[in-house]
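Structure file start-v9.txt with compact mmCIF, C-alpha atoms:
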# COMPACT_ATOMS: atom_id res chain seq x y z
CA MET Y 74 25.57 62.82 -40.51
CA GLY Y 75 22.06 64.11 -39.99
CA ILE Y 76 20.67 60.66 -39.12
CA LEU Y 77 23.37 59.98 -36.51
CA ARG Y 78 22.87 63.40 -34.93
CA ARG Y 79 19.08 62.95 -34.78
CA ASN Y 80 19.30 59.42 -33.28
CA ARG Y 81 22.30 60.09 -31.05
CA SER Y 82 20.46 59.61 -27.75
CA PHE Y 83 18.83 56.41 -29.02
CA LEU Y 84 22.16 54.99 -30.23
CA ILE Y 85 23.90 55.85 -26.94
CA THR Y 86 21.08 54.18 -24.95
CA ALA Y 87 21.17 51.08 -27.17
CA LEU Y 88 24.96 50.86 -26.87
CA LEU Y 89 24.75 51.28 -23.09
CA ILE Y 90 22.16 48.47 -22.88
CA LEU Y 91 24.39 46.18 -24.95
CA VAL Y 92 27.47 46.90 -22.82
CA ILE Y 93 25.61 46.36 -19.53
CA GLY Y 94 24.03 43.14 -20.90
CA ALA Y 95 27.43 41.82 -21.97
CA CYS Y 96 28.87 42.60 -18.53
CA LEU Y 97 26.00 40.79 -16.78
CA PHE Y 98 26.29 37.80 -19.10
CA GLY Y 99 30.07 37.63 -18.55
CA GLY Y 100 29.58 37.84 -14.78
CA VAL Y 101 27.06 34.99 -14.76
CA VAL Y 102 29.33 32.82 -16.90
CA ALA Y 103 32.30 33.57 -14.64
CA VAL Y 104 30.35 32.65 -11.49
CA ARG Y 105 29.13 29.38 -13.03
CA VAL Y 106 32.63 28.42 -14.21
CA PHE Y 107 34.03 29.18 -10.75
CA ALA Y 108 31.26 27.15 -9.07
CA VAL Y 109 31.90 24.10 -11.28
CA GLY Y 110 35.65 24.38 -10.73
CA SER Y 111 35.36 24.58 -6.95
CA ALA Y 112 32.83 21.73 -6.78
CA ALA Y 113 35.18 19.44 -8.72
CA ALA Y 114 38.10 20.33 -6.47
CA THR Y 115 36.29 19.51 -3.22
CA PRO Y 116 34.39 16.19 -3.34
CA LEU Y 117 31.30 15.94 -1.18
CA PRO Y 118 31.56 13.62 1.84
CA ALA Y 119 29.29 10.57 1.95
CA PRO Y 120 26.22 11.17 4.09
CA ALA Y 121 26.26 9.55 7.52
CA SER Y 122 22.61 8.48 7.34
CA TYR Y 123 20.90 6.32 4.75
CA ASN Y 124 17.46 7.49 5.91
CA THR Y 125 17.17 9.58 2.74
CA VAL Y 126 17.72 6.66 0.35
CA SER Y 127 14.02 6.60 -0.60
CA SER Y 128 12.57 4.46 -3.37
CA TYR Y 129 15.70 4.45 -5.49
CA GLY Y 130 17.73 2.14 -3.24
CA ILE Y 131 21.35 2.86 -2.31
CA THR Y 132 22.63 3.79 -5.75
CA GLY Y 133 25.56 6.16 -5.40
CA TYR Y 134 26.02 5.56 -1.67
CA ALA Y 135 29.01 3.92 -0.03
CA PRO Y 136 28.58 0.12 0.16
CA LEU Y 137 27.23 -1.29 3.41
CA LYS Y 138 28.06 -4.59 5.04
CA LEU Y 139 26.38 -6.18 8.01
CA VAL Y 140 29.11 -7.55 10.29
CA PRO Y 141 27.96 -9.70 13.23
CA THR Y 142 28.95 -8.21 16.59
CA ALA Y 143 28.12 -9.02 20.20
CA GLU Y 144 25.01 -6.83 19.87
CA THR Y 145 23.77 -8.52 16.69
CA PRO Y 146 20.91 -10.92 17.50
CA ALA Y 147 21.56 -14.64 17.16
CA PHE Y 148 18.88 -15.15 14.49
CA ILE Y 149 20.74 -12.76 12.17
CA LYS Y 150 24.21 -14.10 13.06
CA ASP Y 151 23.05 -17.66 12.36
CA ARG Y 152 21.71 -16.76 8.90
CA LEU Y 153 24.93 -14.97 7.97
CA GLN Y 154 27.06 -17.89 9.21
CA GLU Y 155 24.97 -20.20 7.05
CA GLY Y 156 25.55 -17.85 4.10
CA ARG Y 157 21.81 -17.32 3.78
CA GLY Y 158 20.46 -14.01 2.54
CA ILE Y 159 18.17 -11.91 4.70
CA VAL Y 160 15.25 -9.75 3.62
CA LEU Y 161 14.37 -7.42 6.49
CA LEU Y 162 11.26 -5.23 6.67
CA VAL Y 163 10.64 -2.67 9.42
CA TYR Y 164 7.21 -1.03 9.29
CA VAL Y 165 4.75 0.99 11.35
CA ASP Y 166 1.69 -1.01 12.32
CA GLY Y 167 -1.51 0.65 11.19
CA ALA Y 168 0.03 2.99 8.62
CA ALA Y 169 -1.80 2.27 5.37
CA ASP Y 170 1.27 2.38 3.11
CA ASP Y 171 3.32 0.28 5.52
CA MET Y 172 0.57 -2.32 5.78
CA ALA Y 173 0.48 -2.49 1.96
CA MET Y 174 4.24 -3.11 2.06
CA VAL Y 175 3.70 -5.93 4.58
CA GLN Y 176 1.22 -7.55 2.18
CA ASN Y 177 3.72 -7.17 -0.68
CA PHE Y 178 6.44 -8.57 1.59
CA ASP Y 179 4.32 -11.63 2.36
CA THR Y 180 3.67 -12.19 -1.35
CA VAL Y 181 7.40 -11.99 -2.19
CA LYS Y 182 8.17 -14.20 0.83
CA ALA Y 183 5.86 -16.88 -0.56
CA GLN Y 184 7.85 -16.85 -3.83
CA TYR Y 185 11.42 -16.65 -2.49
CA GLY Y 186 11.12 -17.97 1.08
CA ALA Y 187 13.17 -21.05 0.21
CA ASP Y 188 16.09 -18.94 -1.04
CA ALA Y 189 16.36 -16.28 1.70
CA SER Y 190 15.25 -15.61 5.27
CA PHE Y 191 12.41 -13.11 5.49
CA MET Y 192 12.00 -11.14 8.73
CA SER Y 193 9.54 -8.36 9.47
CA PHE Y 194 9.45 -6.18 12.57
CA GLU Y 195 7.01 -3.58 13.76
CA ALA Y 196 8.82 -0.30 14.53
CA HIS Y 197 8.19 -0.61 18.28
CA SER Y 198 9.96 -3.98 18.41
CA THR Y 199 13.16 -2.95 16.63
CA THR Y 200 15.13 -3.32 19.87
CA GLU Y 201 15.09 -7.03 19.04
CA LEU Y 202 17.34 -6.21 16.07
CA GLY Y 203 20.22 -5.11 18.30
CA ASP Y 204 22.76 -3.09 16.29
CA THR Y 205 21.45 -4.17 12.89
CA LEU Y 206 19.71 -0.88 12.04
CA THR Y 207 22.70 1.08 13.35
CA GLN Y 208 25.00 -0.85 11.01
CA LEU Y 209 22.58 -0.18 8.17
CA LYS Y 210 22.61 3.53 9.16
CA VAL Y 211 18.82 3.80 9.13
CA SER Y 212 16.14 4.45 11.70
CA ASP Y 213 13.01 5.75 9.98
CA PRO Y 214 10.48 3.13 8.85
CA PRO Y 215 9.46 1.80 6.45
CA ILE Y 216 12.79 0.09 5.86
CA LEU Y 217 13.44 -2.77 3.47
CA ALA Y 218 16.96 -4.20 3.54
CA VAL Y 219 18.07 -7.02 1.25
CA ILE Y 220 21.27 -8.51 2.69
CA ARG Y 221 23.31 -11.16 0.90
CA GLY Y 222 24.61 -14.22 2.73
CA ASN Y 223 28.07 -12.66 3.10
CA GLY Y 224 26.61 -9.61 4.87
CA GLU Y 225 26.76 -7.21 1.91
CA VAL Y 226 23.68 -5.04 1.60
CA ALA Y 227 22.31 -5.60 -1.89
CA GLN Y 228 19.57 -2.96 -1.59
CA LEU Y 229 18.26 -0.68 1.12
CA TYR Y 230 15.04 1.30 0.90
CA THR Y 231 13.74 3.82 3.41
CA GLY Y 232 10.42 4.58 1.86
CA TRP Y 233 7.46 2.87 0.33
CA ILE Y 234 8.10 0.55 -2.59
CA GLY Y 235 5.66 -1.52 -4.57
CA GLU Y 236 5.44 -5.27 -4.96
CA LYS Y 237 7.08 -5.37 -8.41
CA VAL Y 238 10.15 -3.45 -7.24
CA MET Y 239 10.39 -5.52 -4.07
CA GLU Y 240 10.10 -8.75 -6.04
CA GLN Y 241 12.76 -7.67 -8.55
CA VAL Y 242 15.20 -6.58 -5.84
CA VAL Y 243 14.82 -9.87 -3.97
CA ALA Y 244 15.11 -11.89 -7.19
CA ASP Y 245 18.31 -10.03 -8.14
CA ALA Y 246 19.82 -10.60 -4.70
CA VAL Y 247 18.92 -14.29 -4.72
CA ARG Y 248 20.59 -14.67 -8.12
CA GLY Y 249 23.65 -12.80 -6.88
CA LEU Y 250 23.18 -9.66 -9.00
Could I get this file's structure written as structure tokens?
Amino acid sequence: MGILRRNRSFLITALLILVIGACLFGGVVAVRVFAVGSAAATPLPAPASYNTVSSYGITGYAPLKLVPTAETPAFIKDRLQEGRGIVLLVYVDGAADDMAMVQNFDTVKAQYGADASFMSFEAHSTTELGDTLTQLKVSDPPILAVIRGNGEVAQLYTGWIGEKVMEQVVADAVRGL
């Protein structure tokens, strides 16, 4: 009994630390379990804008389809009526990264120009696209949209992408993947 009496204050302090630690740990676990349970019960709505798609394409986003309307320009309507795919690039003239994308676009166009229609527009001339960008839910260049002949958007990028990614995306769309 002499040891317990001598170390009584130490043992009480150690026990108090253990009890408080267990309470904190239990509280954190309870909050995390509650957060996971409430997140699963309320699904997140799909974002209204695809401007944040970035270099990963539209993975995980709701599918998009380009449907010709009265505001859709004739050169896009004609390609979709023919069932011909469209590769659309919107860029900012003079921006170094965008100009690199234009060069990559031209290289890919040389390879796949017979299989799809390639169109590039400087950001100031996007009014020529009518409601196309609105249907794609994007507005911030650079924009690369790969649209299949039936109007389905195969891939949509709102950020810089390199030539290899651009080439692979176009090749996949041309092959119907």
Inset, instruction - Find, counting only C-alpha atoms, the residue in Y:Ile159, Y:Gln208, Y:Val175, Y:Glu195 that gets nearest to Val247 in chain Y. - result: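 Closest candidate: Y:Ile159.
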Legend entry - Exercise: Leu162 in chain Y partners within 10 Å, all atoms listed in the file, chain neighbours under 2 positions left out, as number ranges by chain: Y: 159-160, 164, 171, 174-175, 178, 191-196, 214-219, 230-231
Selection export as a PDB file, keeping the file's coordinate frame, atoms kept: C-alpha atoms:
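Result written to part-v3.pdb:
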ATOM      1  CA  ILE Y 159      18.170 -11.910   4.700  1.00  0.00           C
ATOM      2  CA  VAL Y 160      15.250  -9.750   3.620  1.00  0.00           C
ATOM      3  CA  TYR Y 164       7.210  -1.030   9.290  1.00  0.00           C
ATOM      4  CA  ASP Y 171       3.320   0.280   5.520  1.00  0.00           C
ATOM      5  CA  MET Y 174       4.240  -3.110   2.060  1.00  0.00           C
ATOM      6  CA  VAL Y 175       3.700  -5.930   4.580  1.00  0.00           C
ATOM      7  CA  PHE Y 178       6.440  -8.570   1.590  1.00  0.00           C
ATOM      8  CA  PHE Y 191      12.410 -13.110   5.490  1.00  0.00           C
ATOM      9  CA  MET Y 192      12.000 -11.140   8.730  1.00  0.00           C
ATOM     10  CA  SER Y 193       9.540  -8.360   9.470  1.00  0.00           C
ATOM     11  CA  PHE Y 194       9.450  -6.180  12.570  1.00  0.00           C
ATOM     12  CA  GLU Y 195       7.010  -3.580  13.760  1.00  0.00           C
ATOM     13  CA  ALA Y 196       8.820  -0.300  14.530  1.00  0.00           C
ATOM     14  CA  PRO Y 214      10.480   3.130   8.850  1.00  0.00           C
ATOM     15  CA  PRO Y 215       9.460   1.800   6.450  1.00  0.00           C
ATOM     16  CA  ILE Y 216      12.790   0.090   5.860  1.00  0.00           C
ATOM     17  CA  LEU Y 217      13.440  -2.770   3.470  1.00  0.00           C
ATOM     18  CA  ALA Y 218      16.960  -4.200   3.540  1.00  0.00           C
ATOM     19  CA  VAL Y 219      18.070  -7.020   1.250  1.00  0.00           C
ATOM     20  CA  TYR Y 230      15.040   1.300   0.900  1.00  0.00           C
ATOM     21  CA  THR Y 231      13.740   3.820   3.410  1.00  0.00           C
TER      22      THR Y 231
END
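Proximity of Y:Leu91, Y:Pro141, Y:Ala227, Y:Ala187 to Asp204 in chain Y, computed with only C-alpha atoms, is greatest for Y:Pro141.
Our summary of the geometry notes that CA of Gln154 in chain Y is positioned 29.0 Å from CA of Ile234 in chain Y.
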Inset, instruction - Work out how far CA of Ser190 in chain Y is from CA of Gly158 in chain Y, in Å to one decimal. - result: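 Computing it gives 6.1 Å between the two atoms.
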Inset, instruction - Identify which of the residues Y:Gln241, Y:Asn177, Y:Thr86, Y:Thr200 lies closest to Ser212 in chain Y, counting all atoms listed in the file when measuring atom-to-atom distances. - result: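 Distance minimum relative to Ser212 in chain Y lands on Y:Thr200.
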Legend entry - Nearest candidate to Ile220 in chain Y (options Y:Ile85, Y:Ala183, Y:Leu202, Y:Leu139; using all atoms listed in the file):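 Nearest candidate to Ile220 in chain Y out of Y:Ile85, Y:Ala183, Y:Leu202, Y:Leu139: Y:Leu139.
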Legend entry - Proximity to Val242 in chain Y - best of Y:Asn80, Y:Thr180, Y:Thr207, Y:Gln228, all atoms listed in the file: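 Result for the nearest residue to Val242 in chain Y: Y:Gln228.
The nearest approach to Thr205 in chain Y among the residues Y:Leu137, Y:Ala168, Y:Val243, Y:Ala189, with only C-alpha atoms taken into account, belongs to Y:Leu137.
Rounded to one decimal, CA of Glu240 in chain Y and CA of Ala173 in chain Y lie 14.0 Å from each other.
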Legend entry - Contacts of Leu153 in chain Y at 9 Å (only C-alpha atoms; same-chain gap of 2+ positions) as an MDAnalysis selection string: chainID Y and resid 139:141 148:151 155:159 221:224
